[in-house]
>>> print(open('upload33.cif').read())   # mmCIF, C-alpha atoms
data_input
loop_
_atom_site.label_atom_id
_atom_site.label_comp_id
_atom_site.auth_asym_id
_atom_site.auth_seq_id
_atom_site.Cartn_x
_atom_site.Cartn_y
_atom_site.Cartn_z
CA MET A 300 -10.09 113.35 121.36
CA LEU A 301 -8.61 112.63 124.72
CA SER A 302 -5.11 113.35 125.96
CA LYS A 303 -3.77 112.02 129.23
CA VAL A 304 -0.43 112.97 130.64
CA GLN A 305 1.15 110.59 133.12
CA SER A 306 4.03 110.63 135.58
CA PRO A 307 7.54 110.79 133.99
CA LYS A 308 8.16 107.07 134.14
CA SER A 309 4.74 106.12 132.82
CA LYS A 310 3.48 106.31 129.33
CA VAL A 311 1.82 109.19 127.59
CA GLN A 312 -1.03 107.83 125.76
CA LEU A 313 -2.98 109.51 123.03
CA ASN A 314 -6.07 107.87 121.97
CA ASP A 315 -8.03 109.05 118.99
CA THR A 316 -10.48 106.20 119.18
CA GLU A 317 -13.10 105.66 121.72
CA ASP A 318 -11.19 102.90 123.54
CA LEU A 319 -10.52 104.38 126.95
CA SER A 320 -10.03 101.15 128.87
CA VAL A 321 -6.20 101.14 129.32
CA ILE A 322 -4.96 103.86 131.63
CA GLU A 323 -1.71 103.63 133.62
CA GLY A 324 -0.30 106.10 136.12
CA LYS A 325 -1.90 109.07 137.70
CA VAL A 326 -3.16 112.21 136.15
CA LEU A 327 -0.93 115.19 136.81
CA GLU A 328 -1.80 118.82 136.99
CA THR A 329 -0.07 121.22 134.57
CA SER A 330 1.93 122.78 137.42
CA GLU A 331 3.35 119.36 138.36
CA ILE A 332 4.46 118.79 134.78
CA GLU A 333 6.27 122.08 134.81
CA ILE A 334 7.93 121.22 138.11
CA ASN A 335 9.08 117.88 136.71
CA GLU A 336 10.46 119.53 133.62
CA ALA A 337 12.23 122.11 135.74
CA GLU A 338 13.70 119.36 137.93
CA GLN A 339 14.90 117.53 134.84
CA ASN A 340 16.42 120.71 133.46
CA ASN A 341 18.05 121.42 136.80
CA GLU A 342 19.51 117.94 136.91
CA LEU A 343 20.82 118.29 133.38
CA SER A 344 22.36 121.69 134.02
CA LYS A 345 23.85 120.35 137.28
CA LYS A 346 25.38 117.46 135.37
CA SER A 347 26.72 119.70 132.63
CA LYS A 348 28.12 122.10 135.24
CA GLU A 349 29.74 119.18 137.04
CA HIS A 350 31.18 117.92 133.76
CA PHE A 351 32.51 121.40 132.95
CA TYR A 352 33.96 121.73 136.45
CA ASN A 353 35.61 118.29 136.26
CA SER A 354 37.03 119.10 132.86
CA GLN A 355 38.39 122.42 134.17
CA THR A 356 39.94 120.64 137.17
CA THR A 357 41.57 118.05 134.91
CA ILE A 358 42.98 120.75 132.62
CA ARG A 359 44.30 122.65 135.63
CA ASN A 360 45.86 119.54 137.19
CA TYR A 361 47.39 117.94 134.12
CA LEU A 362 48.13 120.84 131.79
CA PHE A 363 48.28 124.12 133.67
CA LEU A 364 50.22 122.88 136.74
CA PRO A 365 52.96 121.12 134.73
CA PHE A 366 53.21 124.22 132.54
CA ILE A 367 53.71 126.48 135.58
CA PHE A 368 56.18 124.17 137.29
CA LEU A 369 58.20 123.51 134.14
CA THR A 370 58.34 127.24 133.42
CA VAL A 371 59.71 127.72 136.93
CA ALA A 372 62.23 124.93 136.20
CA LEU A 373 63.24 126.75 133.02
CA LEU A 374 63.58 130.22 134.53
CA GLY A 375 64.99 129.23 137.94
CA GLY A 376 68.51 128.75 136.61
CA LEU A 377 68.45 131.58 134.08
CA ARG A 378 70.70 134.57 134.64
CA LEU A 379 71.65 137.43 132.33
CA SER A 380 75.31 138.40 132.07
CA ALA A 381 76.23 141.93 133.13
CA GLU A 382 78.09 142.94 129.97
CA THR A 383 75.96 141.63 127.10
CA SER A 384 72.81 140.39 128.86
CA ALA A 385 73.54 136.98 127.33
CA PHE A 386 71.68 133.97 128.74
CA LEU A 387 73.53 132.01 131.41
CA PHE A 388 71.94 128.71 132.37
CA ILE A 389 73.11 127.73 135.87
CA LYS A 390 72.60 124.04 136.61
CA PRO A 391 71.27 123.34 140.12
CA PRO A 392 73.89 122.19 142.64
CA LEU A 393 73.27 118.91 144.45
CA ILE A 394 72.11 120.66 147.60
CA CYS A 395 69.13 122.09 145.68
CA LEU A 396 67.92 118.57 144.90
CA ILE A 397 68.22 117.66 148.59
CA PHE A 398 66.26 120.77 149.60
CA ALA A 399 63.61 119.97 146.99
CA ALA A 400 63.26 116.44 148.38
CA ILE A 401 62.87 117.81 151.93
CA LEU A 402 60.30 120.30 150.64
CA LEU A 403 58.28 117.49 149.06
CA ILE A 404 58.30 115.61 152.37
CA LEU A 405 57.10 118.82 154.00
CA PHE A 406 54.25 119.03 151.46
CA LEU A 407 53.25 115.49 152.35
CA ARG A 408 53.41 116.13 156.08
CA ALA A 409 51.32 119.29 155.81
CA ASN A 410 48.79 117.49 153.59
CA LEU A 411 49.34 119.85 150.69
CA ILE A 412 49.74 116.58 148.83
CA LYS A 413 48.00 113.45 150.08
CA LEU A 414 49.85 110.43 148.81
CA ASP A 415 46.72 108.28 148.63
CA GLY A 416 44.93 111.09 146.82
CA TRP A 417 47.61 111.12 144.11
CA PHE A 418 48.51 107.46 143.79
CA SER A 419 46.26 104.49 144.34
CA GLU A 420 45.73 100.97 143.09
CA SER A 421 42.13 101.91 142.39
CA PHE A 422 43.22 104.59 139.89
CA LEU A 423 43.92 103.85 136.25
CA THR A 424 47.59 103.37 135.40
CA LEU A 425 47.34 106.43 133.20
CA THR A 426 46.09 108.53 136.12
CA ASN A 427 48.92 107.32 138.36
CA LEU A 428 51.40 108.04 135.58
CA ALA A 429 50.00 111.52 134.94
CA ASN A 430 50.08 112.30 138.68
CA ALA A 431 53.69 111.09 138.87
CA GLY A 432 54.49 113.45 136.00
CA VAL A 433 52.96 116.41 137.85
CA LEU A 434 54.84 115.45 141.03
CA PHE A 435 58.09 115.28 139.08
CA THR A 436 57.52 118.75 137.61
CA LEU A 437 56.87 120.01 141.16
CA PHE A 438 60.18 118.47 142.28
CA ALA A 439 62.06 120.04 139.34
CA ALA A 440 60.49 123.44 140.05
CA SER A 441 61.35 123.17 143.76
CA ALA A 442 64.98 122.34 142.95
CA GLN A 443 65.19 125.28 140.56
CA ILE A 444 63.60 127.65 143.09
CA PHE A 445 66.46 126.91 145.48
CA ASN A 446 68.88 127.27 142.57
CA SER A 447 67.34 130.68 141.92
CA LEU A 448 67.52 131.85 145.54
CA LEU A 449 70.90 130.49 146.59
CA PRO A 450 73.92 132.64 145.74
CA GLU A 451 76.14 130.91 143.19
CA SER A 452 79.34 130.54 145.19
CA GLY A 453 81.44 131.53 148.15
CA LEU A 454 80.45 132.42 151.68
CA PRO A 455 76.93 133.71 150.81
CA PHE A 456 76.11 130.34 149.20
CA TRP A 457 77.00 128.36 152.29
CA THR A 458 75.37 130.85 154.65
CA LEU A 459 72.05 130.86 152.82
CA ALA A 460 72.19 127.12 152.23
CA PHE A 461 72.63 126.61 155.96
CA CYS A 462 69.70 128.96 156.71
CA PHE A 463 67.49 127.07 154.26
CA PHE A 464 68.51 123.75 155.72
CA TRP A 465 67.92 124.94 159.28
CA THR A 466 64.43 126.26 158.42
CA LEU A 467 63.37 123.22 156.42
CA TRP A 468 64.68 120.83 159.06
CA ASN A 469 62.76 122.66 161.80
CA ASN A 470 59.63 122.72 159.69
CA LEU A 471 59.82 118.97 159.22
CA PHE A 472 58.99 118.50 162.91
CA ALA A 473 56.43 121.30 163.21
CA ASP A 474 52.66 120.92 162.93
CA PHE A 475 51.57 122.64 159.76
CA ASP A 476 48.37 123.10 157.89
CA VAL A 477 48.40 123.96 154.21
CA LYS A 478 47.72 127.66 154.66
CA LYS A 479 50.45 128.09 157.26
CA LEU A 480 52.91 126.12 155.15
CA LEU A 481 52.27 128.30 152.11
CA GLN A 482 52.60 131.46 154.21
CA SER A 483 55.83 130.17 155.71
CA LEU A 484 57.28 129.29 152.31
CA GLY A 485 56.20 132.64 150.88
CA GLY A 486 58.00 134.38 153.75
CA LEU A 487 61.11 132.20 153.44
CA PHE A 488 61.44 132.64 149.68
CA GLY A 489 60.63 136.35 149.90
CA LEU A 490 63.38 136.92 152.45
CA ALA A 491 65.91 134.90 150.45
CA PHE A 492 64.98 136.89 147.33
CA VAL A 493 65.57 140.18 149.16
CA VAL A 494 68.94 138.97 150.46
CA LYS A 495 70.19 137.77 147.07
CA TYR A 496 68.66 140.13 144.55
CA LEU A 497 68.55 143.34 146.60
CA ILE A 498 71.20 143.25 149.32
CA LEU A 499 73.92 141.13 147.71
CA ALA A 500 73.19 142.54 144.23
CA ASN A 501 73.66 146.04 145.59
CA LEU A 502 76.95 145.05 147.18
CA THR A 503 78.23 143.81 143.83
CA ALA A 504 80.43 146.26 141.96
CA PRO A 505 79.43 147.07 138.37
CA THR A 506 81.63 145.82 135.55
CA SER A 507 84.57 148.14 135.00
CA GLU A 508 87.35 148.19 132.43
CA GLY A 509 90.06 147.25 134.87
CA TRP A 510 90.62 146.11 138.42
CA PHE A 511 92.40 149.32 139.41
CA GLN A 512 89.74 151.51 137.83
CA GLY A 513 87.08 149.50 139.67
CA ILE A 514 88.86 150.03 142.99
CA LEU A 515 89.03 153.77 142.35
CA GLN A 516 85.40 154.10 141.33
CA ASN A 517 83.70 151.70 143.79
CA PRO A 518 86.22 150.72 146.48
CA SER A 519 83.76 149.22 149.00
CA LYS A 520 81.73 147.35 146.36
CA GLU A 521 84.88 145.97 144.76
CA ILE A 522 86.04 144.70 148.14
CA PHE A 523 82.66 143.07 148.89
CA THR A 524 82.56 141.53 145.42
CA TRP A 525 86.04 140.10 145.92
CA ILE A 526 85.55 138.91 149.52
CA LEU A 527 82.07 137.42 148.98
CA ASP A 528 82.86 136.11 145.50
CA LEU A 529 79.74 137.75 144.08
CA PRO A 530 78.89 137.18 140.42
CA ARG A 531 77.97 140.17 138.26
CA TYR A 532 74.58 139.83 136.59
CA SER A 533 72.37 142.17 134.64
CA HIS A 534 69.45 143.80 136.51
CA GLY A 535 67.05 141.78 134.35
CA THR A 536 67.99 138.68 136.34
CA GLY A 537 66.23 139.97 139.45
CA TYR A 538 63.04 140.66 137.49
CA ILE A 539 63.05 137.19 135.94
CA GLN A 540 63.57 135.54 139.31
CA PHE A 541 60.83 137.64 140.92
CA PHE A 542 58.28 136.27 138.46
CA THR A 543 59.74 132.78 138.80
CA ILE A 544 59.06 132.79 142.55
CA ALA A 545 55.60 134.27 141.96
CA PHE A 546 54.80 131.48 139.45
CA TYR A 547 56.02 128.85 141.88
CA LEU A 548 53.84 130.14 144.72
CA ILE A 549 50.82 130.36 142.37
CA GLY A 550 51.52 126.78 141.33
CA LEU A 551 51.66 125.64 144.96
CA PHE A 552 48.40 127.45 145.65
CA LEU A 553 46.75 125.55 142.79
CA VAL A 554 48.01 122.14 143.91
CA LYS A 555 45.24 120.10 145.51
CA PRO A 556 45.74 117.36 148.11
CA GLU A 557 43.75 114.94 145.99
CA MET A 558 43.99 114.90 142.24
CA THR A 559 40.71 113.09 141.71
CA ALA A 560 38.29 114.59 144.20
CA ASP A 561 38.79 118.32 144.25
CA LYS A 562 38.95 119.07 147.94
CA ARG A 563 41.31 120.88 150.20
CA MET B 275 37.36 116.35 126.05
CA LYS B 276 37.74 113.16 128.08
CA LYS B 277 39.83 113.10 131.24
CA GLU B 278 42.10 110.38 129.80
CA HIS B 279 42.79 112.48 126.71
CA ILE B 280 43.78 115.46 128.85
CA GLN B 281 46.05 113.24 130.94
CA ILE B 282 47.78 111.85 127.83
CA LEU B 283 48.12 115.38 126.45
CA GLY B 284 49.58 116.49 129.79
CA ILE B 285 52.15 113.69 129.82
CA VAL B 286 53.20 114.40 126.22
CA PHE B 287 53.35 118.15 126.83
CA ALA B 288 55.37 117.77 130.06
CA THR B 289 57.79 115.35 128.36
CA VAL B 290 58.40 117.62 125.36
CA TYR B 291 58.73 120.76 127.51
CA GLY B 292 61.00 118.89 129.96
CA ILE B 293 63.27 117.69 127.14
CA PHE B 294 63.43 121.25 125.78
CA ILE B 295 64.47 122.60 129.21
CA ALA B 296 67.08 119.84 129.69
CA TRP B 297 68.42 120.63 126.21
CA LEU B 298 68.63 124.37 127.02
CA TYR B 299 70.70 123.65 130.14
CA TRP B 300 72.90 121.25 128.17
CA ALA B 301 73.44 123.42 125.08
CA GLU B 302 73.58 126.73 126.99
CA PRO B 303 72.68 129.09 124.13
CA LYS B 304 73.68 132.70 124.77
CA ASN B 305 70.73 134.32 123.02
CA LEU B 306 67.59 133.51 121.04
CA VAL B 307 69.49 133.33 117.71
CA GLU B 308 71.82 130.75 119.21
CA VAL B 309 68.83 128.72 120.36
CA SER B 310 67.86 128.03 116.75
CA THR B 311 71.41 127.39 115.50
CA LYS B 312 72.21 125.07 118.39
CA ALA B 313 68.89 123.31 117.90
CA GLN B 314 69.80 122.67 114.27
CA THR B 315 73.24 121.32 115.22
CA THR B 316 71.74 119.06 117.88
CA PHE B 317 69.13 117.82 115.42
CA GLU B 318 71.85 116.92 112.91
CA GLU B 319 73.89 115.15 115.59
CA VAL B 320 70.88 113.19 116.79
CA THR B 321 70.00 112.24 113.21
CA THR B 322 73.56 110.97 112.59
CA LYS B 323 73.65 109.04 115.88
CA THR B 324 70.30 107.49 115.07
CA GLN B 325 71.56 106.47 111.63
CA VAL B 326 74.58 104.85 113.27
CA ALA B 327 72.39 103.07 115.78
CA ILE B 328 70.04 101.64 113.16
CA GLY B 329 72.84 100.89 110.71
CA THR B 330 71.89 103.30 107.93
CA TYR B 331 74.81 105.70 108.42
CA GLU B 332 76.49 106.72 105.17
CA VAL B 333 79.20 109.16 104.20
CA ASP B 334 77.95 112.33 102.51
CA THR B 335 79.23 111.65 98.97
CA ALA B 336 78.82 115.24 97.77
CA ARG B 337 80.91 116.55 100.65
CA PHE B 338 83.45 113.79 100.12
CA SER B 339 83.81 114.73 96.45
CA GLU B 340 84.33 118.38 97.40
CA GLY B 341 86.95 117.29 99.89
CA LEU B 342 88.71 115.11 97.33
CA ASP B 343 88.69 117.95 94.83
CA ALA B 344 90.27 120.31 97.39
CA PHE B 345 92.79 117.60 98.35
CA GLN B 346 93.91 117.21 94.73
CA LYS B 347 94.29 121.00 94.49
CA ASN B 348 96.55 120.93 97.57
CA ASN B 349 94.00 122.92 99.57
CA PHE B 350 94.34 120.66 102.59
CA ILE B 351 92.51 122.79 105.16
CA ALA B 352 89.37 122.95 103.01
CA ALA B 353 89.79 119.27 102.17
CA ARG B 354 89.89 118.25 105.83
CA ASP B 355 86.89 120.43 106.61
CA ASN B 356 84.86 118.73 103.87
CA PHE B 357 86.02 115.25 104.83
CA GLU B 358 85.09 115.86 108.46
CA LYS B 359 81.66 117.08 107.45
CA ALA B 360 81.23 114.12 105.10
CA ASP B 361 81.98 111.68 107.92
CA PRO B 362 80.99 113.41 111.18
CA GLU B 363 80.97 110.15 113.12
CA ARG B 364 84.53 109.28 111.91
CA ARG B 365 83.49 105.79 110.92
CA ASP B 366 84.57 105.58 107.28
CA ALA B 367 88.17 104.34 106.88
CA ARG B 368 88.58 105.81 103.39
CA THR B 369 87.55 109.34 104.45
CA GLN B 370 89.65 109.14 107.60
CA PHE B 371 92.63 107.94 105.53
CA TYR B 372 92.36 111.00 103.29
CA ILE B 373 92.30 113.23 106.39
CA ALA B 374 95.48 111.55 107.64
CA TYR B 375 97.08 111.85 104.21
CA SER B 376 96.23 115.55 104.07
CA PHE B 377 98.24 116.06 107.28
CA TYR B 378 101.18 114.30 105.62
CA ARG B 379 101.07 116.34 102.43
CA GLN B 380 100.54 119.63 104.24
CA GLY B 381 103.23 118.92 106.81
CA PHE B 382 105.85 117.64 104.37
CA GLY B 383 108.85 119.92 103.88
CA LYS B 384 112.02 119.68 101.82
CA PHE B 385 114.13 120.81 104.77
CA THR B 386 111.97 120.07 107.79
CA ASN B 387 108.54 118.58 108.32
CA ASP B 388 105.86 120.31 110.38
CA ASP B 389 105.93 118.23 113.57
CA THR B 390 102.55 119.49 114.79
CA LEU B 391 100.79 118.36 111.62
CA PHE B 392 102.73 115.09 111.56
CA LYS B 393 101.66 114.30 115.14
CA LYS B 394 98.04 114.97 114.23
CA GLY B 395 98.48 112.82 111.15
CA LEU B 396 99.93 109.99 113.22
CA ASP B 397 96.93 110.06 115.58
CA GLN B 398 94.61 110.13 112.62
CA THR B 399 96.38 107.16 111.02
CA ASN B 400 95.98 105.19 114.24
CA ASN B 401 92.29 105.98 114.03
CA VAL B 402 92.18 104.54 110.48
CA ILE B 403 93.97 101.39 111.66
CA ALA B 404 91.44 101.04 114.47
CA LEU B 405 88.60 101.32 111.97
CA ASP B 406 90.03 98.93 109.37
CA LYS B 407 93.54 97.55 109.76
CA ASN B 408 93.41 95.97 106.28
CA PHE B 409 92.40 99.18 104.54
CA LYS B 410 94.05 99.81 101.16
CA SER B 411 93.39 102.89 99.11
CA ALA B 412 92.41 102.51 95.45
CA ASP B 413 93.45 106.08 94.60
CA ALA B 414 96.21 105.96 91.96
CA ASN B 415 97.43 109.45 92.93
CA LEU B 416 98.47 108.28 96.39
CA GLN B 417 101.83 106.58 96.64
CA LEU B 418 101.22 105.45 100.20
CA LYS B 419 98.31 103.04 99.86
CA THR B 420 97.93 101.66 103.37
CA PRO B 421 97.72 103.20 106.84
CA ALA B 422 100.81 101.19 107.85
CA GLU B 423 102.92 102.90 105.17
CA LEU B 424 101.54 106.29 106.10
CA LYS B 425 102.18 105.64 109.78
CA ASN B 426 105.79 104.70 109.02
CA GLU B 427 106.20 107.96 107.06
CA PHE B 428 104.89 110.00 110.01
CA GLU B 429 107.07 108.17 112.53
CA GLU B 430 110.21 108.57 110.39
CA GLY B 431 109.35 112.24 109.84
CA LEU B 432 109.05 112.88 113.55
CA LYS B 433 112.41 111.24 114.42
CA ILE B 434 115.59 113.29 114.47
CA THR B 435 118.40 111.26 112.92
CA MET B 436 121.76 111.93 111.24
CA GLY B 437 119.99 111.52 107.92
CA ASP B 438 118.04 114.72 108.61
CA PHE B 439 121.26 116.68 108.12
CA ASN B 440 122.00 115.15 104.72
CA PRO B 441 121.85 118.00 102.14
CA LEU B 442 120.64 115.55 99.48
CA LYS B 443 117.43 115.32 101.49
CA VAL B 444 116.13 118.35 99.61
CA LEU B 445 115.85 116.19 96.51
CA ARG B 446 113.31 113.82 98.00
CA GLU B 447 109.76 114.01 96.69
CA ARG B 448 106.45 114.19 98.49
CA LYS B 449 104.54 110.94 98.12
#
>>> encode(input="upload33.cif", output="structure tokens")
Amino acid sequence: MLSKVQSPKSKVQLNDTEDLSVIEGKVLETSEIEINEAEQNNELSKKSKEHFYNSQTTIRNYLFLPFIFLTVALLGGLRLSAETSAFLFIKPPLICLIFAAILLILFLRANLIKLDGWFSESFLTLTNLANAGVLFTLFAASAQIFNSLLPESGLPFWTLAFCFFWTLWNNLFADFDVKKLLQSLGGLFGLAFVVKYLILANLTAPTSEGWFQGILQNPSKEIFTWILDLPRYSHGTGYIQFFTIAFYLIGLFLVKPEMTADKR
Amino acid sequence: MKKEHIQILGIVFATVYGIFIAWLYWAEPKNLVEVSTKAQTTFEEVTTKTQVAIGTYEVDTARFSEGLDAFQKNNFIAARDNFEKADPERRDARTQFYIAYSFYRQGFGKFTNDDTLFKKGLDQTNNVIALDKNFKSADANLQLKTPAELKNEFEEGLKITMGDFNPLKVLRERK
């Protein structure tokens, strides 16, 4: 009995008879066979890893990111009333939509989002549609983040709105890379959060039974509340908005410039 | 799972979640219990509107019967409540006519009529005329069969005339 093992693309021929005339390919040593098998295994595991990685990227891009951004859109306008902790859903004012639009332009300029990496004629319609959906959720979340950080009314609203506008407008003409942009946004949102949910919230007088009683108990806070037209919310509001901003920044960190090829 | 499947799933998920968020900001529930009650109300409204749009809208006959029963027992508030629930879209002339009639019967007085109820009744009658100007009730217990007659009764009841001071007015009967 004779057994001849040939190169991977050639045949393996077993011949029980005595006809030994047809032989194709070269004879390989056992070590070479093992190397070939190992190479094949490596290639397979590489492919399966790549498949797993691609699948993870797709899940992150099309399921996890919309989930994060829509959760931000849900929580961004949520406040809890001071007396009963009832839900109050504050709709975003028009200026929040304008800020969100400017922010998206900023993302494009800083290459956090590459337009040709998200939309292209060469992509399937479904891919373009799915990417548009993710972009829309990002826009909604951005609008709600401003809704969360801007005071609801009065002088503080206009002051902070002006500060936001000033910063965003300046940033539009600055040279940014993605890292710097994210750091800048983190700083901007962090500062606005401190102003609204720590400083202004601490200037707001607690709910009292009457106006006169309030003046007697917290004269300075009552005056600030009246002058600055500060709404009274439950402390839970600040906690909710803290996590909302954290979710938004995590979402931005996970956004890739190109939805197909996973590069940054 | 294929990339296309995940993308479709993502679009569906984002749409449903987005609609839910938009609904929350529209309905403004105050707590989690209100979320479910408002969701139920919205679902019923959407169902009714859809029925109207596709032409399968019908009056709830059980509710209508309850309303009619209460109307005949002179329980006009309960009657109106049932009629309104039977025809939430206010599209059925017969149900709307009964609502108008209930304002007349409740507001009628031997000495003076209740002007507030009569004004509501007049508006309601105009609504019936807008729905079906040729409507005629088949109910033998109603003396005023058409919206025009009912409207005239409301208008006369709301006017202040010399006849209002006639003591014999107390002898008149509710129609």
>>> atom_distance(input="upload33.cif", atom1="CA of Asn427 (chain A)", atom2="CA of Leu396 (chain A)")
23.0 Å
>>> interface_residues(input="upload33.cif", of="chain B", to="chain A", cutoff="9 Å", atoms="all atoms listed in the file", output="list in words")
Met275, Lys276, Lys277, Glu278, Ile280, Gln281, Ile282, Leu283, Gly284, Ile285, Phe287, Ala288, Thr289, Tyr291, Gly292, Ile295, Ala296, Leu298, Tyr299, Trp300, Glu302, Pro303, Lys304, Asn305 and Leu306 of chain B
>>> atom_distance(input="upload33.cif", atom1="CA of Ala381 (chain A)", atom2="CA of His534 (chain A)")
7.8 Å
>>> residues_around(input="upload33.cif", residues="Ile412 (chain A)", least_positions_apart="2", cutoff="8 Å", atoms="all atoms listed in the file", output="list in words")
Phe406, Leu407, Ala409, Asn410, Leu414, Gly416, Trp417, Val554, Lys555, Pro556 and Glu557 of chain A
>>> closest_residue(input="upload33.cif", among="A:Met558, A:Arg408, A:Phe546, A:Thr424", to="Ala473 (chain A)", atoms="only C-alpha atoms")
A:Arg408
>>> atom_distance(input="upload33.cif", atom1="CA of Leu467 (chain A)", atom2="CA of Phe552 (chain A)")
18.9 Å
>>> residues_around(input="upload33.cif", residues="Val326 (chain B)", least_positions_apart="4", cutoff="12 Å", atoms="all atoms listed in the file", output="list of chain:residue names")
B:Glu319, B:Val320, B:Thr321, B:Thr322, B:Thr330, B:Tyr331, B:Glu332, B:Val333, B:Asp361, B:Pro362, B:Glu363, B:Arg364, B:Arg365, B:Asp366
>>> write_last_selection(input="upload33.cif", atoms="C-alpha atoms", output="PDB file, keeping the file's coordinate frame")
ATOM      1  CA  GLU B 319      73.890 115.150 115.590  1.00  0.00           C
ATOM      2  CA  VAL B 320      70.880 113.190 116.790  1.00  0.00           C
ATOM      3  CA  THR B 321      70.000 112.240 113.210  1.00  0.00           C
ATOM      4  CA  THR B 322      73.560 110.970 112.590  1.00  0.00           C
ATOM      5  CA  THR B 330      71.890 103.300 107.930  1.00  0.00           C
ATOM      6  CA  TYR B 331      74.810 105.700 108.420  1.00  0.00           C
ATOM      7  CA  GLU B 332      76.490 106.720 105.170  1.00  0.00           C
ATOM      8  CA  VAL B 333      79.200 109.160 104.200  1.00  0.00           C
ATOM      9  CA  ASP B 361      81.980 111.680 107.920  1.00  0.00           C
ATOM     10  CA  PRO B 362      80.990 113.410 111.180  1.00  0.00           C
ATOM     11  CA  GLU B 363      80.970 110.150 113.120  1.00  0.00           C
ATOM     12  CA  ARG B 364      84.530 109.280 111.910  1.00  0.00           C
ATOM     13  CA  ARG B 365      83.490 105.790 110.920  1.00  0.00           C
ATOM     14  CA  ASP B 366      84.570 105.580 107.280  1.00  0.00           C
TER      15      ASP B 366
END
>>> resolve_selection(input="upload33.cif", expression="the PyMOL selection byres ((chain B and resi 392) around 9)", output="ChimeraX atom specification")
/B:374,377-378,380-382,387-391,393-397,428-429,431-432
>>> resolve_selection(input="upload33.cif", expression="the PyMOL selection byres ((chain B and resi 340-344) around 12)", output="ChimeraX atom specification")
/B:334-339,345-361,368-373,375-376,413,415-416
>>> resolve_selection(input="upload33.cif", expression="the PyMOL selection byres ((chain B and resi 444) around 12)", output="compact mmCIF listing (two decimals) with C-alpha atoms, in the coordinates of the input")
# COMPACT_ATOMS: atom_id res chain seq x y z
CA PHE B 382 105.85 117.64 104.37
CA GLY B 383 108.85 119.92 103.88
CA LYS B 384 112.02 119.68 101.82
CA PHE B 385 114.13 120.81 104.77
CA THR B 386 111.97 120.07 107.79
CA ASN B 387 108.54 118.58 108.32
CA GLY B 437 119.99 111.52 107.92
CA ASP B 438 118.04 114.72 108.61
CA PHE B 439 121.26 116.68 108.12
CA ASN B 440 122.00 115.15 104.72
CA PRO B 441 121.85 118.00 102.14
CA LEU B 442 120.64 115.55 99.48
CA LYS B 443 117.43 115.32 101.49
CA LEU B 445 115.85 116.19 96.51
CA ARG B 446 113.31 113.82 98.00
CA GLU B 447 109.76 114.01 96.69
CA ARG B 448 106.45 114.19 98.49
>>> build_atoms(input="upload33.cif", residues="region 300-312 of chain B", atoms="N, CA and C atoms", output="PDB file, in the frame of the given file")
ATOM      1  N   TRP B 300      71.755 121.994 128.723  1.00  0.00           N
ATOM      2  CA  TRP B 300      72.900 121.250 128.170  1.00  0.00           C
ATOM      3  C   TRP B 300      73.622 122.093 127.106  1.00  0.00           C
ATOM      4  N   ALA B 301      72.841 122.682 126.203  1.00  0.00           N
ATOM      5  CA  ALA B 301      73.440 123.420 125.080  1.00  0.00           C
ATOM      6  C   ALA B 301      73.886 124.828 125.479  1.00  0.00           C
ATOM      7  N   GLU B 302      73.254 125.396 126.495  1.00  0.00           N
ATOM      8  CA  GLU B 302      73.580 126.730 126.990  1.00  0.00           C
ATOM      9  C   GLU B 302      73.677 127.793 125.900  1.00  0.00           C
ATOM     10  N   PRO B 303      72.621 128.019 125.145  1.00  0.00           N
ATOM     11  CA  PRO B 303      72.680 129.090 124.130  1.00  0.00           C
ATOM     12  C   PRO B 303      72.755 130.455 124.808  1.00  0.00           C
ATOM     13  N   LYS B 304      73.466 131.381 124.150  1.00  0.00           N
ATOM     14  CA  LYS B 304      73.680 132.700 124.770  1.00  0.00           C
ATOM     15  C   LYS B 304      72.543 133.679 124.460  1.00  0.00           C
ATOM     16  N   ASN B 305      71.841 133.440 123.364  1.00  0.00           N
ATOM     17  CA  ASN B 305      70.730 134.320 123.020  1.00  0.00           C
ATOM     18  C   ASN B 305      69.720 133.534 122.165  1.00  0.00           C
ATOM     19  N   LEU B 306      68.656 134.213 121.760  1.00  0.00           N
ATOM     20  CA  LEU B 306      67.590 133.510 121.040  1.00  0.00           C
ATOM     21  C   LEU B 306      68.051 133.005 119.668  1.00  0.00           C
ATOM     22  N   VAL B 307      68.972 133.761 119.029  1.00  0.00           N
ATOM     23  CA  VAL B 307      69.490 133.330 117.710  1.00  0.00           C
ATOM     24  C   VAL B 307      70.262 132.019 117.879  1.00  0.00           C
ATOM     25  N   GLU B 308      71.044 131.967 118.952  1.00  0.00           N
ATOM     26  CA  GLU B 308      71.820 130.750 119.210  1.00  0.00           C
ATOM     27  C   GLU B 308      70.938 129.552 119.527  1.00  0.00           C
ATOM     28  N   VAL B 309      69.752 129.825 120.057  1.00  0.00           N
ATOM     29  CA  VAL B 309      68.830 128.720 120.360  1.00  0.00           C
ATOM     30  C   VAL B 309      68.519 127.955 119.078  1.00  0.00           C
ATOM     31  N   SER B 310      68.223 128.714 118.002  1.00  0.00           N
ATOM     32  CA  SER B 310      67.860 128.030 116.750  1.00  0.00           C
ATOM     33  C   SER B 310      69.068 127.354 116.101  1.00  0.00           C
ATOM     34  N   THR B 311      70.237 128.021 116.136  1.00  0.00           N
ATOM     35  CA  THR B 311      71.410 127.390 115.500  1.00  0.00           C
ATOM     36  C   THR B 311      71.841 126.141 116.268  1.00  0.00           C
ATOM     37  N   LYS B 312      71.819 126.237 117.604  1.00  0.00           N
ATOM     38  CA  LYS B 312      72.210 125.070 118.390  1.00  0.00           C
ATOM     39  C   LYS B 312      71.193 123.936 118.255  1.00  0.00           C
TER      40      LYS B 312
END
